[in-house]
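What follows is run_30.txt (compact mmCIF, C-alpha atoms).
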# COMPACT_ATOMS: atom_id res chain seq x y z
CA MET A 710 0.00 0.00 0.00
CA GLU A 711 1.25 3.48 -0.91
CA ILE A 712 -0.51 6.72 -0.01
CA THR A 713 0.25 9.96 -1.84
CA LEU A 714 -1.28 13.24 -0.73
CA VAL A 715 -1.68 14.79 -4.14
CA GLY A 716 -3.20 17.91 -2.58
CA THR A 717 -3.14 18.55 1.14
CA GLY A 718 -6.49 20.21 1.33
CA SER A 719 -6.10 23.95 1.62
CA PRO A 720 -9.70 25.23 1.55
CA VAL A 721 -8.55 28.43 -0.21
CA PRO A 722 -6.12 28.72 -3.14
CA ILE A 723 -2.49 29.23 -2.10
CA PRO A 724 0.50 28.51 -4.34
CA GLU A 725 2.07 25.76 -2.26
CA ARG A 726 -1.05 23.68 -1.56
CA GLY A 727 -3.77 22.12 -3.67
CA GLY A 728 -7.24 21.10 -2.59
CA THR A 729 -7.86 17.74 -0.98
CA SER A 730 -6.87 14.74 -3.07
CA ILE A 731 -5.25 11.45 -2.08
CA ALA A 732 -3.95 8.77 -4.45
CA LEU A 733 -3.87 5.27 -2.98
CA GLU A 734 -2.05 2.31 -4.49
CA ILE A 735 -3.61 -0.81 -3.02
CA ALA A 736 -3.38 -4.43 -4.21
CA ASP A 737 -1.98 -3.34 -7.59
CA GLU A 738 -4.83 -0.87 -8.11
CA ARG A 739 -4.80 2.93 -8.07
CA VAL A 740 -7.63 4.73 -6.28
CA LEU A 741 -8.32 8.45 -5.91
CA ILE A 742 -10.00 9.97 -2.86
CA ASP A 743 -11.44 13.43 -3.48
CA CYS A 744 -10.50 15.63 -6.40
CA GLY A 745 -9.91 19.17 -5.17
CA PRO A 746 -8.28 22.05 -7.06
CA LYS A 747 -4.93 21.23 -8.74
CA THR A 748 -5.50 17.46 -8.56
CA VAL A 749 -4.46 16.74 -12.15
CA TYR A 750 -1.30 18.83 -11.83
CA GLY A 751 -0.50 17.17 -8.51
CA LEU A 752 -0.84 13.72 -10.07
CA MET A 753 1.50 14.80 -12.85
CA ASP A 754 4.02 16.24 -10.38
CA ALA A 755 3.94 12.98 -8.42
CA ARG A 756 4.35 11.01 -11.68
CA ILE A 757 1.24 8.99 -10.94
CA PRO A 758 -0.24 7.55 -14.17
CA PHE A 759 -3.73 8.95 -13.69
CA GLY A 760 -5.07 6.97 -16.65
CA GLU A 761 -4.81 3.91 -14.40
CA ILE A 762 -7.23 5.39 -11.86
CA GLU A 763 -10.65 3.85 -12.46
CA THR A 764 -12.08 4.21 -8.93
CA LEU A 765 -12.79 7.53 -7.19
CA PHE A 766 -14.28 8.14 -3.75
CA PHE A 767 -15.72 11.48 -2.64
CA THR A 768 -15.92 12.28 1.06
CA HIS A 769 -18.33 15.17 0.41
CA HIS A 770 -19.20 17.80 -2.15
CA HIS A 771 -17.50 21.00 -1.11
CA MET A 772 -15.56 22.65 -3.94
CA ASP A 773 -12.17 22.19 -2.26
CA HIS A 774 -12.81 18.43 -2.52
CA ASN A 775 -14.37 18.10 -5.99
CA ALA A 776 -13.52 21.17 -8.12
CA SER A 777 -11.07 19.27 -10.38
CA PHE A 778 -13.41 16.37 -11.14
CA PHE A 779 -14.29 17.53 -14.64
CA HIS A 780 -10.61 18.14 -15.41
CA PHE A 781 -9.65 14.72 -14.09
CA ALA A 782 -12.48 12.95 -15.93
CA PHE A 783 -11.39 14.43 -19.25
CA THR A 784 -7.61 14.21 -18.98
CA SER A 785 -7.50 10.72 -17.47
CA TRP A 786 -9.57 9.63 -20.47
CA THR A 787 -8.01 11.62 -23.33
CA GLU A 788 -4.40 11.78 -22.20
CA GLY A 789 -4.18 8.86 -19.78
CA GLY A 790 -6.18 6.31 -21.71
CA ARG A 791 -8.57 5.43 -18.90
CA ALA A 792 -11.15 2.87 -20.07
CA SER A 793 -13.71 3.18 -17.28
CA LEU A 794 -14.46 5.10 -14.09
CA THR A 795 -16.64 4.33 -11.06
CA VAL A 796 -17.34 7.25 -8.72
CA TYR A 797 -18.47 6.56 -5.16
CA GLY A 798 -19.84 9.29 -2.93
CA PRO A 799 -22.72 10.78 -0.97
CA ASP A 800 -25.88 12.36 -2.31
CA GLY A 801 -25.00 14.67 -5.19
CA THR A 802 -22.39 12.40 -6.76
CA ASP A 803 -24.74 11.35 -9.54
CA ARG A 804 -25.67 14.98 -10.20
CA LEU A 805 -22.00 15.90 -10.47
CA VAL A 806 -21.48 13.28 -13.18
CA ASP A 807 -24.71 14.28 -14.90
CA ALA A 808 -23.47 17.88 -14.95
CA LEU A 809 -20.33 16.73 -16.77
CA TYR A 810 -22.47 15.28 -19.52
CA ASP A 811 -24.76 18.32 -19.58
CA VAL A 812 -22.19 21.12 -19.60
CA TYR A 813 -19.65 19.36 -21.82
CA ALA A 814 -21.96 17.47 -24.18
CA GLU A 815 -20.55 19.13 -27.31
CA ASP A 816 -16.97 18.89 -26.05
CA ILE A 817 -17.41 15.16 -25.39
CA GLU A 818 -18.96 14.64 -28.82
CA TYR A 819 -16.01 16.40 -30.45
CA ARG A 820 -13.40 14.45 -28.50
CA GLN A 821 -15.10 11.13 -29.18
CA ASP A 822 -14.09 11.58 -32.80
CA ILE A 823 -10.47 11.60 -31.64
CA TYR A 824 -10.39 9.27 -28.61
CA PRO A 825 -12.19 6.00 -27.82
CA THR A 826 -15.73 6.46 -26.55
CA ASP A 827 -15.14 4.16 -23.57
CA GLY A 828 -13.79 6.04 -20.59
CA ILE A 829 -16.09 9.03 -20.76
CA SER A 830 -19.48 7.72 -21.84
CA ASN A 831 -19.54 4.92 -19.27
CA ILE A 832 -18.83 6.70 -15.96
CA GLU A 833 -20.78 4.92 -13.22
CA THR A 834 -21.81 6.23 -9.81
CA GLU A 835 -22.49 4.40 -6.56
CA LEU A 836 -24.17 6.05 -3.59
CA VAL A 837 -22.37 5.98 -0.25
CA THR A 838 -24.62 5.92 2.82
CA GLU A 839 -24.24 4.89 6.45
CA GLY A 840 -23.04 1.29 6.66
CA PHE A 841 -21.41 1.35 3.21
CA SER A 842 -18.71 -1.27 2.61
CA ARG A 843 -17.34 -3.08 -0.42
CA GLY A 844 -15.08 -6.04 -0.98
CA MET A 845 -12.82 -5.25 -3.92
CA ASP A 846 -10.13 -7.33 -5.66
CA GLY A 847 -7.59 -7.75 -2.87
CA TRP A 848 -8.87 -4.97 -0.64
CA ASP A 849 -11.86 -3.74 1.33
CA VAL A 850 -13.32 -0.28 1.79
CA ALA A 851 -15.78 0.97 4.39
CA ALA A 852 -17.34 4.36 5.10
CA LEU A 853 -18.28 6.16 8.31
CA PRO A 854 -20.59 9.18 8.45
CA VAL A 855 -18.81 12.05 10.21
CA GLU A 856 -20.03 15.49 11.27
CA HIS A 857 -19.32 18.42 8.99
CA SER A 858 -21.51 21.16 7.54
CA ILE A 859 -22.91 18.77 4.89
CA GLU A 860 -23.14 14.98 4.49
CA THR A 861 -19.57 13.71 4.74
CA TYR A 862 -17.87 10.32 5.09
CA ALA A 863 -14.57 8.98 6.36
CA TYR A 864 -13.13 6.00 4.50
CA ARG A 865 -11.09 3.02 5.64
CA PHE A 866 -9.07 0.85 3.25
CA ASP A 867 -7.68 -2.57 4.21
CA GLU A 868 -5.32 -4.53 1.96
CA HIS A 869 -5.74 -8.31 2.15
CA GLU A 870 -2.24 -9.57 1.35
CA THR A 871 -0.21 -7.15 3.48
CA GLY A 872 -2.78 -6.36 6.17
CA ALA A 873 -1.97 -2.67 5.71
CA SER A 874 -4.76 -0.24 6.57
CA PHE A 875 -5.39 3.44 5.90
CA VAL A 876 -8.11 5.82 7.12
CA PHE A 877 -9.00 9.26 5.80
CA SER A 878 -11.22 11.26 8.13
CA GLY A 879 -12.73 13.62 5.59
CA ASP A 880 -13.72 16.98 7.08
CA THR A 881 -15.15 16.54 10.55
CA ARG A 882 -15.28 17.69 14.10
CA LYS A 883 -13.90 15.31 16.73
CA LEU A 884 -16.01 12.16 17.10
CA PRO A 885 -15.51 9.05 19.29
CA SER A 886 -16.83 6.92 16.40
CA LEU A 887 -13.88 8.02 14.26
CA SER A 888 -11.38 6.52 16.71
CA GLU A 889 -13.33 3.26 16.67
CA PHE A 890 -13.42 3.32 12.87
CA ALA A 891 -9.66 3.91 12.63
CA GLU A 892 -8.73 1.34 15.30
CA GLY A 893 -5.34 -0.24 14.60
CA ALA A 894 -4.84 1.51 11.26
CA ASP A 895 -1.31 2.01 10.00
CA VAL A 896 -1.99 5.55 8.79
CA LEU A 897 -4.69 8.08 9.68
CA VAL A 898 -4.90 11.18 7.49
CA GLN A 899 -6.84 13.57 9.68
CA ASP A 900 -8.58 16.89 9.12
CA CYS A 901 -6.71 19.54 11.13
CA ASN A 902 -8.16 22.77 9.82
CA THR A 903 -7.86 25.07 12.83
CA ALA A 904 -4.48 26.24 14.10
CA PRO A 905 -2.72 29.46 15.11
CA VAL A 906 -1.13 31.72 12.52
CA ASP A 907 2.65 31.81 12.11
CA GLU A 908 3.42 35.45 11.38
CA ASP A 909 6.67 34.43 9.65
CA ARG A 910 4.64 32.49 7.07
CA VAL A 911 2.48 35.46 6.06
CA PRO A 912 3.93 36.87 2.82
CA ASP A 913 4.65 40.57 2.38
CA GLY A 914 1.53 42.07 0.86
CA ASP A 915 3.67 44.40 -1.25
CA ASP A 916 5.19 41.42 -3.06
CA GLN A 917 2.47 38.76 -3.01
CA PHE A 918 -1.29 38.58 -2.64
CA VAL A 919 -2.32 37.89 0.97
CA TRP A 920 -5.61 36.49 2.27
CA ARG A 921 -5.97 39.08 5.03
CA GLN A 922 -8.85 37.29 6.73
CA HIS A 923 -6.70 34.16 7.10
CA ALA A 924 -3.53 36.03 8.04
CA ALA A 925 -5.35 37.66 10.96
CA GLY A 926 -5.98 34.27 12.56
CA SER A 927 -8.76 35.44 14.85
CA GLY A 928 -12.36 36.55 14.75
CA ASP A 929 -15.48 34.91 13.43
CA LEU A 930 -13.61 33.04 10.68
CA ASP A 931 -11.75 30.81 13.13
CA GLU A 932 -14.07 30.83 16.10
CA SER A 933 -17.43 29.79 14.74
CA THR A 934 -18.06 27.77 11.58
CA LEU A 935 -14.55 26.35 11.25
CA THR A 936 -14.20 25.14 14.82
CA ALA A 937 -17.69 23.63 14.74
CA ASN A 938 -16.93 21.57 11.63
CA HIS A 939 -13.22 20.73 11.82
CA CYS A 940 -10.56 19.40 14.19
CA ASP A 941 -7.46 21.05 15.56
CA ALA A 942 -4.13 19.28 16.11
CA ALA A 943 -4.92 18.20 19.67
CA ASP A 944 -8.24 16.75 18.51
CA ALA A 945 -6.43 14.88 15.75
CA GLY A 946 -3.83 13.55 18.17
CA GLU A 947 -6.48 12.34 20.60
CA ILE A 948 -8.38 10.55 17.82
CA ALA A 949 -5.16 8.85 16.69
CA GLN A 950 -4.16 7.90 20.24
CA ASP A 951 -7.56 6.40 21.03
CA ALA A 952 -7.46 4.49 17.74
CA GLY A 953 -3.93 3.16 18.32
CA VAL A 954 -2.76 4.11 14.83
CA GLN A 955 0.93 4.13 13.96
CA THR A 956 1.18 7.34 11.91
CA LEU A 957 -0.95 10.49 12.04
CA VAL A 958 -0.90 12.84 9.05
CA LEU A 959 -2.33 16.32 9.61
CA THR A 960 -4.04 17.81 6.58
CA HIS A 961 -6.65 20.33 5.34
CA ILE A 962 -4.41 23.16 6.54
CA MET A 963 -5.42 26.81 6.36
CA PRO A 964 -2.99 29.40 4.95
CA TYR A 965 -0.17 30.75 7.10
CA ARG A 966 -0.62 28.25 9.92
CA ASP A 967 2.06 27.49 12.52
CA LEU A 968 2.99 24.00 11.37
CA GLU A 969 5.43 23.28 14.18
CA SER A 970 2.84 24.28 16.75
CA MET A 971 0.41 21.88 15.10
CA ARG A 972 2.95 19.08 15.26
CA ARG A 973 3.72 19.75 18.94
CA ASP A 974 0.04 19.85 19.88
CA ALA A 975 -0.60 16.50 18.22
CA GLU A 976 2.54 14.93 19.71
CA SER A 977 1.52 16.08 23.19
CA VAL A 978 -1.39 13.62 23.15
CA PHE A 979 -0.28 10.99 20.59
CA ASP A 980 2.55 8.48 21.03
CA GLY A 981 3.02 7.60 17.35
CA ASP A 982 4.59 9.42 14.42
CA VAL A 983 3.13 12.81 13.45
CA VAL A 984 3.52 14.22 9.95
CA VAL A 985 2.31 17.64 8.81
CA ALA A 986 1.29 17.01 5.22
CA GLU A 987 2.77 18.67 2.16
CA ASP A 988 1.58 18.27 -1.42
CA GLY A 989 3.22 15.21 -2.95
CA LEU A 990 3.89 13.52 0.40
CA THR A 991 4.06 9.72 -0.04
CA ILE A 992 3.76 7.23 2.81
CA SER A 993 4.14 3.45 2.63
CA PRO A 994 2.80 1.67 5.75
What is this file in structure tokens?
Amino acid sequence: MEITLVGTGSPVPIPERGGTSIALEIADERVLIDCGPKTVYGLMDARIPFGEIETLFFTHHHMDHNASFFHFAFTSWTEGGRASLTVYGPDGTDRLVDALYDVYAEDIEYRQDIYPTDGISNIETELVTEGFSRGMDGWDVAALPVEHSIETYAYRFDEHETGASFVFSGDTRKLPSLSEFAEGADVLVQDCNTAPVDEDRVPDGDDQFVWRQHAAGSGDLDESTLTANHCDAADAGEIAQDAGVQTLVLTHIMPYRDLESMRRDAESVFDGDVVVAEDGLTISP
């Protein structure tokens, strides 16, 4: 099993981070989890042959998790040679695929004269609901409903031959059920959206565009909606500790955050390895 954080989940566009997207190599199959902004470019940077990805899971349908889906669907077909695609996700997943066919009907018709029809005309969707699980070829996947501002799921992947296991929390506040879901996993990639600002990471506004509301690090932005729907580093560490995972990866990081503070907060409550994610990070359990 190999896990690559194609994009580490910045909810706003910043040069060094893409939206949420994770590429998983499991039992000789490549799987994509979420498809946030810059996903296709991140796959290219990581030299992952995205034409081999024929299975995609969505945790939820916020734009920082699905905005590159149309781009991925086209390029993995036309440039990568993908023959089929199955998209799993919560309510709205079928409408997202339908929108591809609606908005790009003429574009698809044009490209079908150049590329094989298979790969774009046969995209299938499967609804993820509470209790979802599937036995795949050499691996299993299960979903857990978590608590965010919209319907959202965590996913667990278990590889038969190696016994390796990986859990992605999706976006969520801290939940006891998430520790139970991730019990004994090798790697937990955990939402860690809220953290203090590192003033040294805020670029000079005279030289580079600055998201002032994120650079401030206080006020309604951090204290209401975000904290009600996301974890901080201590929350993430406690989830990982209760689950007994080996490695905790902190992701979905806001701009200008104090990354070392995040690491310390997680390590203060978690005995395993803590990694603050960067785009292109690859982990092999």
### Query
CA of His780 (chain A) and CA of Ser830 (chain A) are how many Å apart?
15.1 Å
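Within the 8 Å cut-off around Gly989 (chain A), using all atoms listed in the file and omitting residues fewer than 3 positions from it on the same chain, the listed residues are A:Thr713, A:Leu714, A:Val715, A:Gly716, A:Gly751, A:Asp754, A:Ala755.
Nearest residue to Thr936 (chain A) among A:Ala736, A:Ala904, A:Val721, A:Ile731 is A:Ala904, counting all atoms listed in the file.
Take the candidates A:Thr729, A:Thr787, A:Thr861, A:Gln922 and check each one against Gly828 (chain A) using only C-alpha atoms; the shortest distance goes to A:Thr787.
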### Task
List the neighbours of Asn775 (chain A) out to 10 Å using all atoms listed in the file; skip same-chain residues closer than 6 positions along the sequence, and give me the result as JSON, numbers by chain.
{"A": [728, 729, 730, 742, 743, 744, 745, 746, 748, 767, 768, 769, 781, 802, 805]}
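Take the candidates A:Leu968, A:Val796, A:Ala942, A:Val954 and check each one against Val876 (chain A) using all atoms listed in the file; the shortest distance goes to A:Val954.
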### Task
Extract, using only C-alpha atoms, all DNA, RNA and protein residues at most 8 Å from Ser878 (chain A), discarding same-chain residues fewer than 4 positions from it, and format them as a VMD selection string.
chain A and resid 855 862 to 864 887 897 to 900
## Note on the structure
A straight line from CA of Met845 (chain A) to CA of Ile762 (chain A) spans 14.4 Å
### Summary
Of A:His961, A:Asp846, A:Ile832, A:Gln821, the one sitting nearest Glu738 (chain A) when using only C-alpha atoms is A:Asp846
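In terms of minimum interatomic distance to Gly847 (chain A), A:Glu734 ranks closest within A:Glu734, A:Thr903, A:Val919, A:Asn831, counting only C-alpha atoms.
Shortest atom-to-atom contact with Asp895 (chain A) among A:Ala949, A:Met963, A:Ile829, A:Leu733: A:Ala949, counting all atoms listed in the file.
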### Message
Could you tell me how far CA of Cys901 (chain A) sits from CA of Ala925 (chain A), in Å to one decimal place?
### Response
18.2 Å
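If you count all atoms listed in the file and ignore residues fewer than 2 places along the chain from Gly872 (chain A), what sits within 12 Å of it is Met710, Ile735, Ala736, Gly847, Trp848, Asp849, Phe866, Asp867, Glu868, His869, Glu870, Ser874, Phe875, Gly893, Ala894, Asp895 and Pro994 of chain A.
All polymer residues at most 12 Å from (6.0, 15.4, 7.9), using all atoms listed in the file, appear as Leu714, Thr717, Val898, Thr956, Leu957, Val958, Leu959, Thr960, Leu968, Glu969, Met971, Arg972, Asp982, Val983, Val984, Val985, Ala986, Glu987, Asp988, Gly989, Leu990, Thr991 and Ile992 of chain A.
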Include C-alpha atoms and write out the residues we just selected as a PDB file, in the frame of the given file.
ATOM      1  CA  LEU A 714      -1.280  13.240  -0.730  1.00  0.00           C
ATOM      2  CA  THR A 717      -3.140  18.550   1.140  1.00  0.00           C
ATOM      3  CA  VAL A 898      -4.900  11.180   7.490  1.00  0.00           C
ATOM      4  CA  THR A 956       1.180   7.340  11.910  1.00  0.00           C
ATOM      5  CA  LEU A 957      -0.950  10.490  12.040  1.00  0.00           C
ATOM      6  CA  VAL A 958      -0.900  12.840   9.050  1.00  0.00           C
ATOM      7  CA  LEU A 959      -2.330  16.320   9.610  1.00  0.00           C
ATOM      8  CA  THR A 960      -4.040  17.810   6.580  1.00  0.00           C
ATOM      9  CA  LEU A 968       2.990  24.000  11.370  1.00  0.00           C
ATOM     10  CA  GLU A 969       5.430  23.280  14.180  1.00  0.00           C
ATOM     11  CA  MET A 971       0.410  21.880  15.100  1.00  0.00           C
ATOM     12  CA  ARG A 972       2.950  19.080  15.260  1.00  0.00           C
ATOM     13  CA  ASP A 982       4.590   9.420  14.420  1.00  0.00           C
ATOM     14  CA  VAL A 983       3.130  12.810  13.450  1.00  0.00           C
ATOM     15  CA  VAL A 984       3.520  14.220   9.950  1.00  0.00           C
ATOM     16  CA  VAL A 985       2.310  17.640   8.810  1.00  0.00           C
ATOM     17  CA  ALA A 986       1.290  17.010   5.220  1.00  0.00           C
ATOM     18  CA  GLU A 987       2.770  18.670   2.160  1.00  0.00           C
ATOM     19  CA  ASP A 988       1.580  18.270  -1.420  1.00  0.00           C
ATOM     20  CA  GLY A 989       3.220  15.210  -2.950  1.00  0.00           C
ATOM     21  CA  LEU A 990       3.890  13.520   0.400  1.00  0.00           C
ATOM     22  CA  THR A 991       4.060   9.720  -0.040  1.00  0.00           C
ATOM     23  CA  ILE A 992       3.760   7.230   2.810  1.00  0.00           C
TER      24      ILE A 992
END
